[in-house]
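Working notes for the structure below.
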Amino acid sequence: MGNQYLRLASSTKLARQALLKVKLKIKKQTPIITIEDAIKKKSFVLKSKTIKRGKSSSAIRIQNIA
């Protein structure tokens with residue numbers, strides 16, 4: 001999303017003056033609507049997880065150590 005800022009003012013007048021100093025940089029982007037679009041653009045909400053086959057007993061032992 002970019003940087004977000006919060007400005008507090010002691011009066012409405014100061015808040016409006018601060019608001020006039022705000023500069024926005026808006027970049028036009030195409031929306032990602034389908035799952036296929038998200039995969040093509042590698043735009044994911046959550047981190048991907050990999051499930052591997054193997055010896056579960058050794059994996060559990062390693063997790064218990066950490």
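We name chains A, B, ... following the order of the structure tokens; residues begin at 1 in each chain, and ligands are numbered from 1 as shown.
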Requested in this report: Any chance you could list, as a count of residues only, the residues in chain A that come up alpha helix (DSSP H) when DSSP is run on the backbone?
Outcome: 25
Report task. Kindly give the distance, in Å, that separates atom CA of Lys47 of chain A and atom CA of Ile35 of chain A, rounded to a single decimal. Result -> 15.1 Å
**Report entry** Separation of atom CA of Val45 of chain A from atom CA of Lys25 of chain A, in Å and rounded to one decimal
**Finding:**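 Distance reported for this atom pair: 23.6 Å.
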